[in-house]
$ cat my_file_29.txt   # compact mmCIF, C-alpha atoms
# COMPACT_ATOMS: atom_id res chain seq x y z
CA MET A 1013 104.22 125.74 222.11
CA ARG A 1014 104.15 129.16 220.49
CA THR A 1015 105.30 129.24 216.91
CA SER A 1016 108.10 131.76 216.37
CA ARG A 1017 107.51 134.88 214.30
CA ARG A 1018 110.29 133.85 211.94
CA THR A 1019 108.50 130.58 211.26
CA ILE A 1020 105.15 132.29 210.72
CA VAL A 1021 106.64 134.88 208.37
CA ALA A 1022 108.34 132.14 206.37
CA LEU A 1023 105.07 130.23 206.13
CA VAL A 1024 103.11 133.22 204.94
CA LEU A 1025 105.75 134.56 202.57
CA GLY A 1026 106.18 131.11 201.10
CA ALA A 1027 102.91 131.74 199.28
CA SER A 1028 102.53 135.51 199.27
CA ALA A 1029 105.81 135.88 197.44
CA LEU A 1030 104.12 134.10 194.58
CA ALA A 1031 101.20 136.49 194.54
CA LEU A 1032 100.94 139.73 192.62
CA PRO A 1033 103.55 142.11 194.06
CA ALA A 1034 101.38 145.09 194.89
CA HIS A 1035 97.99 143.53 195.53
CA ALA A 1036 95.99 141.96 198.31
CA PHE A 1037 93.67 138.99 198.46
CA ASP A 1038 89.94 138.21 198.36
CA GLY A 1039 87.58 135.33 198.05
CA ALA A 1040 85.40 133.05 200.11
CA PRO A 1041 87.61 131.62 202.87
CA VAL A 1042 86.36 128.07 202.43
CA ASN A 1043 83.43 126.70 200.52
CA GLN A 1044 81.69 125.50 203.67
CA LYS A 1045 78.96 127.80 204.86
CA ASP A 1046 80.18 127.60 208.44
CA ALA A 1047 83.59 128.99 207.56
CA THR A 1048 82.62 132.62 207.04
CA ILE A 1049 85.06 135.00 208.67
CA PRO A 1050 83.21 137.58 210.73
CA VAL A 1051 84.05 141.19 209.92
CA VAL A 1052 85.23 142.71 213.18
CA SER A 1053 84.74 146.31 214.22
CA PRO A 1054 88.13 147.94 214.68
CA ALA A 1055 89.07 148.63 218.27
CA PRO A 1056 88.97 152.34 219.20
CA GLY A 1057 92.75 152.69 219.19
CA ALA A 1058 93.17 151.12 215.77
CA ALA A 1059 90.34 153.10 214.25
CA GLY A 1060 91.77 156.31 215.67
CA ALA A 1061 95.14 155.60 214.10
CA LEU A 1062 93.44 155.01 210.76
CA ARG A 1063 91.55 158.30 210.92
CA LYS A 1064 94.75 160.22 211.65
CA ALA A 1065 96.61 158.63 208.75
CA VAL A 1066 93.92 158.94 206.09
CA PRO A 1067 92.68 162.11 204.37
CA SER A 1068 89.15 163.41 204.92
CA GLU A 1069 87.64 161.00 202.37
CA SER A 1070 88.37 158.08 204.75
CA SER A 1071 85.39 156.06 203.54
CA SER A 1072 86.61 155.90 199.96
CA LEU A 1073 88.50 153.05 198.35
CA THR A 1074 91.37 155.41 197.55
CA ALA A 1075 91.70 156.39 201.19
CA LEU A 1076 91.75 152.76 202.27
CA GLN A 1077 94.43 151.98 199.71
CA TYR A 1078 96.44 154.97 200.90
CA ALA A 1079 96.30 153.78 204.52
CA ALA A 1080 96.96 150.16 203.58
CA GLU A 1081 100.11 151.12 201.68
CA GLY A 1082 101.16 152.97 204.82
CA GLY A 1083 100.97 149.71 206.74
CA HIS A 1084 97.77 150.25 208.71
CA PRO A 1085 96.26 146.85 209.56
CA VAL A 1086 92.67 148.12 209.81
CA ALA A 1087 92.77 149.39 206.23
CA GLN A 1088 94.50 146.22 205.05
CA TRP A 1089 91.85 144.10 206.74
CA LYS A 1090 88.99 146.08 205.25
CA LEU A 1091 90.47 145.86 201.77
CA GLY A 1092 91.12 142.16 202.21
CA ARG A 1093 87.49 141.57 203.13
CA MET A 1094 86.29 143.74 200.25
CA TYR A 1095 88.27 141.69 197.75
CA ALA A 1096 87.28 138.47 199.49
CA ASN A 1097 83.58 139.29 199.20
CA GLY A 1098 83.61 141.32 196.00
CA ASP A 1099 82.23 144.21 198.05
CA GLY A 1100 82.59 147.32 195.89
CA VAL A 1101 85.48 145.77 193.97
CA THR A 1102 85.96 142.82 191.65
CA GLN A 1103 86.38 139.69 193.73
CA ASP A 1104 89.99 138.59 193.76
CA ASP A 1105 91.20 135.88 196.13
CA VAL A 1106 94.86 136.42 195.36
CA ARG A 1107 94.71 140.12 196.18
CA ALA A 1108 92.81 139.37 199.36
CA PHE A 1109 95.38 136.74 200.32
CA GLU A 1110 98.20 139.26 199.98
CA TYR A 1111 96.50 141.87 202.16
CA PHE A 1112 95.97 139.30 204.91
CA SER A 1113 99.58 138.19 204.48
CA ARG A 1114 100.79 141.75 205.02
CA ILE A 1115 98.94 141.90 208.33
CA ALA A 1116 100.26 138.53 209.49
CA ASN A 1117 103.85 139.26 208.50
CA ALA A 1118 103.97 142.69 210.12
CA HIS A 1119 102.02 141.98 213.30
CA ALA A 1120 102.58 138.34 214.23
CA GLU A 1121 104.10 139.27 217.58
CA ASP A 1122 101.86 142.18 218.48
CA SER A 1123 100.55 141.90 222.01
CA PRO A 1124 97.26 139.95 222.26
CA SER A 1125 95.92 143.01 224.12
CA ALA A 1126 96.88 145.46 221.36
CA PRO A 1127 93.99 147.37 219.71
CA GLN A 1128 94.56 145.58 216.39
CA ALA A 1129 95.04 142.10 217.89
CA GLN A 1130 91.63 140.81 216.82
CA ILE A 1131 92.24 141.92 213.25
CA VAL A 1132 95.67 140.26 213.22
CA ALA A 1133 94.22 137.02 214.57
CA ASN A 1134 91.43 137.08 211.98
CA ALA A 1135 94.02 137.59 209.25
CA PHE A 1136 95.72 134.36 210.33
CA VAL A 1137 92.34 132.61 210.29
CA ALA A 1138 91.65 133.90 206.78
CA LEU A 1139 95.04 132.67 205.56
CA GLY A 1140 94.47 129.29 207.17
CA ARG A 1141 91.15 128.89 205.41
CA TYR A 1142 92.71 129.73 202.07
CA TYR A 1143 95.41 127.16 202.67
CA LEU A 1144 92.76 124.51 203.36
CA SER A 1145 91.52 124.57 199.78
CA GLY A 1146 94.02 126.72 197.91
CA ILE A 1147 93.10 129.41 195.40
CA PRO A 1148 92.11 128.09 191.96
CA ASN A 1149 94.22 129.21 189.00
CA SER A 1150 96.93 130.59 191.27
CA LYS A 1151 100.14 129.45 192.89
CA ILE A 1152 98.42 129.33 196.30
CA LYS A 1153 97.96 125.58 196.69
CA ALA A 1154 96.10 123.61 199.31
CA ASP A 1155 98.39 122.89 202.23
CA GLN A 1156 96.72 121.46 205.32
CA GLU A 1157 99.85 121.62 207.46
CA ARG A 1158 100.30 125.29 206.72
CA ALA A 1159 96.62 125.85 207.47
CA ARG A 1160 97.11 124.10 210.79
CA ASP A 1161 100.06 126.39 211.58
CA MET A 1162 97.97 129.49 210.86
CA PHE A 1163 95.06 128.31 213.02
CA SER A 1164 97.34 127.09 215.79
CA TYR A 1165 99.13 130.41 216.07
CA ALA A 1166 95.94 132.46 216.18
CA ALA A 1167 94.32 129.98 218.58
CA SER A 1168 97.17 129.74 221.06
CA TYR A 1169 98.86 133.16 220.96
CA PHE A 1170 95.85 135.39 220.33
CA GLY A 1171 93.23 133.06 221.84
CA ASN A 1172 91.01 133.57 218.81
CA ALA A 1173 87.77 131.58 219.05
CA ASP A 1174 87.35 131.15 215.28
CA ALA A 1175 90.89 129.79 215.00
CA GLN A 1176 90.21 127.42 217.87
CA TYR A 1177 87.10 126.15 216.10
CA ASP A 1178 88.90 125.63 212.79
CA LEU A 1179 91.82 123.95 214.54
CA ALA A 1180 89.39 121.67 216.38
CA ARG A 1181 87.81 120.60 213.10
CA LEU A 1182 91.20 119.74 211.65
CA TYR A 1183 92.04 117.54 214.61
CA LEU A 1184 88.59 115.93 214.76
CA ASN A 1185 88.75 115.12 211.04
CA THR A 1186 92.25 113.67 211.14
CA PRO A 1187 92.19 110.66 208.74
CA ASP A 1188 93.93 108.27 211.13
CA GLY A 1189 91.45 109.13 213.86
CA SER A 1190 94.02 108.82 216.65
CA ARG A 1191 92.93 109.30 220.24
CA GLU A 1192 95.51 112.05 220.68
CA ALA A 1193 94.14 114.01 217.72
CA PHE A 1194 90.60 113.64 219.01
CA THR A 1195 91.61 114.81 222.49
CA GLN A 1196 93.25 117.87 221.00
CA GLY A 1197 90.23 118.57 218.83
CA ALA A 1198 87.76 118.24 221.70
CA ARG A 1199 89.89 120.57 223.83
CA TRP A 1200 90.01 123.32 221.22
CA LEU A 1201 86.31 122.87 220.45
CA ARG A 1202 85.37 123.34 224.09
CA LEU A 1203 87.59 126.41 224.45
CA SER A 1204 85.99 127.98 221.39
CA ALA A 1205 82.46 127.15 222.53
CA GLU A 1206 83.08 128.64 225.96
CA LYS A 1207 84.11 131.89 224.29
CA GLY A 1208 80.76 132.04 222.51
CA GLN A 1209 81.73 130.81 219.03
CA HIS A 1210 78.33 129.54 217.92
CA GLN A 1211 79.56 127.02 215.34
CA ALA A 1212 81.75 125.41 217.98
CA GLN A 1213 78.79 125.40 220.35
CA ALA A 1214 76.65 123.66 217.75
CA LEU A 1215 79.24 120.98 216.97
CA LEU A 1216 80.04 120.37 220.63
CA GLY A 1217 76.32 120.26 221.42
CA GLN A 1218 75.68 117.64 218.75
CA MET A 1219 78.56 115.50 219.95
CA LEU A 1220 77.45 115.64 223.57
CA PHE A 1221 73.76 115.13 222.87
CA ASN A 1222 74.38 112.14 220.57
CA GLY A 1223 77.28 110.69 222.52
CA ASP A 1224 79.45 111.01 219.42
CA ARG A 1225 82.94 110.04 220.63
CA LEU A 1226 82.16 111.81 223.90
CA PRO A 1227 80.21 110.52 226.93
CA ARG A 1228 76.58 111.39 226.29
CA GLN A 1229 75.34 114.43 228.20
CA ALA A 1230 71.97 115.19 226.66
CA ALA A 1231 71.08 118.23 228.76
CA ARG A 1232 74.47 119.89 228.30
CA GLY A 1233 74.43 119.10 224.61
CA LEU A 1234 70.98 120.70 224.29
CA MET A 1235 72.27 123.75 226.17
CA TRP A 1236 75.10 124.26 223.66
CA LEU A 1237 72.72 123.70 220.74
CA THR A 1238 70.30 126.27 222.15
CA LEU A 1239 73.04 128.88 222.49
CA ALA A 1240 74.22 128.12 218.95
CA ARG A 1241 70.70 128.39 217.52
CA ASP A 1242 70.24 131.83 219.08
CA SER A 1243 73.41 133.12 217.38
CA ALA A 1244 73.18 131.28 214.05
CA GLY A 1245 72.89 133.18 210.81
CA THR A 1246 69.89 132.76 208.53
CA ASP A 1247 71.87 130.49 206.19
CA GLU A 1248 73.19 128.19 208.93
CA THR A 1249 70.37 125.71 208.68
CA TRP A 1250 72.55 122.84 209.96
CA ILE A 1251 72.64 124.51 213.37
CA LYS A 1252 68.91 125.17 213.56
CA GLU A 1253 68.05 121.70 212.30
CA GLY A 1254 70.46 120.13 214.78
CA TYR A 1255 68.77 121.98 217.63
CA THR A 1256 65.28 121.04 216.44
CA ARG A 1257 66.16 117.33 216.23
CA ALA A 1258 67.80 117.33 219.66
CA PHE A 1259 64.92 119.18 221.31
CA ALA A 1260 62.41 116.71 219.86
CA LYS A 1261 64.40 113.76 221.19
CA ALA A 1262 65.17 115.25 224.61
CA SER A 1263 63.27 114.08 227.65
CA ASP A 1264 61.39 116.47 229.92
CA ASP A 1265 64.15 116.10 232.49
CA ASP A 1266 66.80 116.91 229.87
CA ARG A 1267 64.92 120.05 228.85
CA ALA A 1268 64.48 121.17 232.47
CA MET A 1269 68.14 120.62 233.24
CA CYS A 1270 69.09 122.41 230.04
CA LEU A 1271 67.11 125.44 231.18
CA GLN A 1272 68.98 125.49 234.47
CA MET A 1273 72.31 125.29 232.66
CA LEU A 1274 71.33 128.13 230.36
CA GLU A 1275 70.46 130.30 233.36
CA GLN A 1276 73.85 129.52 234.89
CA TRP A 1277 75.57 130.32 231.61
CA VAL A 1278 73.86 133.70 231.31
CA GLN A 1279 74.63 134.51 234.94
CA GLY A 1280 78.26 133.52 234.48
CA ARG A 1281 78.61 135.78 231.44
CA ARG A 1282 77.24 138.71 233.42
CA ASN A 1283 79.70 138.28 236.28

$ encode --input "my_file_29.txt" --output "structure tokens"
Amino acid sequence: MRTSRRTIVALVLGASALALPAHAFDGAPVNQKDATIPVVSPAPGAAGALRKAVPSESSSLTALQYAAEGGHPVAQWKLGRMYANGDGVTQDDVRAFEYFSRIANAHAEDSPSAPQAQIVANAFVALGRYYLSGIPNSKIKADQERARDMFSYAASYFGNADAQYDLARLYLNTPDGSREAFTQGARWLRLSAEKGQHQAQALLGQMLFNGDRLPRQAARGLMWLTLARDSAGTDETWIKEGYTRAFAKASDDDRAMCLQMLEQWVQGRRN
């Protein structure tokens, strides 16, 4: 069920109200290497709106701050990522958190087809990842339920693949290990993988190839691992090592069937 905007705003403001009043947030989303938030390219409509609102020095920090104070989500997102990564500014998780909060609070009910929808969804993902571990030496504390709410909203309303992956991990790692939680986790993981999220593809591939809580499907598991390997970053060694181990263990028949599945996948993406 879709979470109401009032609920989402209350969840976000519950922490952002404790942050510095006129700042945004930064910092690594989560300490895990596979939790990096991809920086999205603004959709044409959103970028156009930013150019119209910002003076000629649109590439400068001052121009971004000017647009962000005017409520433009593209500028707020860029500043949030800059503070999160320490890119041209001093890294500051609390300031980054507040910028992402501004986006979430102002645009929670924007249409999923709106030009800025991907940025809004990624802001929810960023907030969720901060809530997973909290921000040291701040009033932003770890709150797994709030993280789940952030991921769930972005996953269900915006259909965001990163949110679906993070939500899947929460369900799959539920301490009580209930069947219902696992079913939910496997569902979100598959949805994310089918959208091309390579970390979800890697995790799903490992589970299928090894028969880890899922019926073993070696060829399909190898297919997902192959797709994940091709998209993995240089620092995502767990994906590449997972593929290498699976390929070495796979039978000739598994490898041949995997190749057929890959061809079908590529053809399906073209159509």

$ closest_residue --input "my_file_29.txt" --among "A:Val1132, A:Ala1231, A:Ala1240, A:Ala1154" --to "Asp1266 (chain A)" --atoms "only C-alpha atoms"
A:Ala1231

$ axis_aligned_box --input "my_file_29.txt" --around "region 1266-1277 of chain A" --padding-each-side "6 Å" --output "AutoDock Vina command-line options"
--center_x 70.0 --center_y 123.6 --center_z 231.9 --size_x 23.1 --size_y 25.4 --size_z 18.0

$ atom_distance --input "my_file_29.txt" --atom1 "CA of Gly1233 (chain A)" --atom2 "CA of Gly1208 (chain A)"
14.6 Å

$ closest_residue --input "my_file_29.txt" --among "A:Gly1223, A:Phe1170, A:Gln1156, A:Gly1098" --to "Ala1120 (chain A)" --atoms "only C-alpha atoms"
A:Phe1170

$ atom_distance --input "my_file_29.txt" --atom1 "CA of Gly1197 (chain A)" --atom2 "CA of Leu1239 (chain A)"
20.4 Å

$ atom_distance --input "my_file_29.txt" --atom1 "CA of Asn1222 (chain A)" --atom2 "CA of Gly1280 (chain A)"
25.8 Å

$ residues_around --input "my_file_29.txt" --residues "Met1235 (chain A)" --least-positions-apart "2" --cutoff "8 Å" --atoms "all atoms listed in the file" --output "PDB file with C-alpha atoms, keeping the file's coordinate frame"
ATOM      1  CA  GLY A1217      76.320 120.260 221.420  1.00  0.00           C
ATOM      2  CA  ALA A1231      71.080 118.230 228.760  1.00  0.00           C
ATOM      3  CA  ARG A1232      74.470 119.890 228.300  1.00  0.00           C
ATOM      4  CA  GLY A1233      74.430 119.100 224.610  1.00  0.00           C
ATOM      5  CA  LEU A1237      72.720 123.700 220.740  1.00  0.00           C
ATOM      6  CA  THR A1238      70.300 126.270 222.150  1.00  0.00           C
ATOM      7  CA  LEU A1239      73.040 128.880 222.490  1.00  0.00           C
ATOM      8  CA  CYS A1270      69.090 122.410 230.040  1.00  0.00           C
ATOM      9  CA  LEU A1271      67.110 125.440 231.180  1.00  0.00           C
ATOM     10  CA  MET A1273      72.310 125.290 232.660  1.00  0.00           C
ATOM     11  CA  LEU A1274      71.330 128.130 230.360  1.00  0.00           C
TER      12      LEU A1274
END

$ closest_residue --input "my_file_29.txt" --among "A:Asn1185, A:Met1269, A:Asp1242, A:Gln1218" --to "Arg1257 (chain A)" --atoms "only C-alpha atoms"
A:Gln1218

$ closest_residue --input "my_file_29.txt" --among "A:Asn1283, A:Gly1100, A:Phe1221, A:Val1278" --to "Ala1262 (chain A)" --atoms "only C-alpha atoms"
A:Phe1221

$ closest_residue --input "my_file_29.txt" --among "A:Gln1211, A:Thr1074, A:Ser1145, A:Ser1150" --to "Arg1181 (chain A)" --atoms "only C-alpha atoms"
A:Gln1211

$ residues_around --input "my_file_29.txt" --residues "Ala1135 (chain A)" --least-positions-apart "6" --cutoff "7 Å" --atoms "all atoms listed in the file" --output "number ranges by chain"
A: 1112, 1115-1116

$ residues_around --input "my_file_29.txt" --residues "Pro1085 (chain A)" --least-positions-apart "3" --cutoff "9 Å" --atoms "all atoms listed in the file" --output "ChimeraX atom specification"
/A:1058,1062,1079-1080,1088-1090,1111-1112,1114-1115,1118-1119,1128,1131-1132
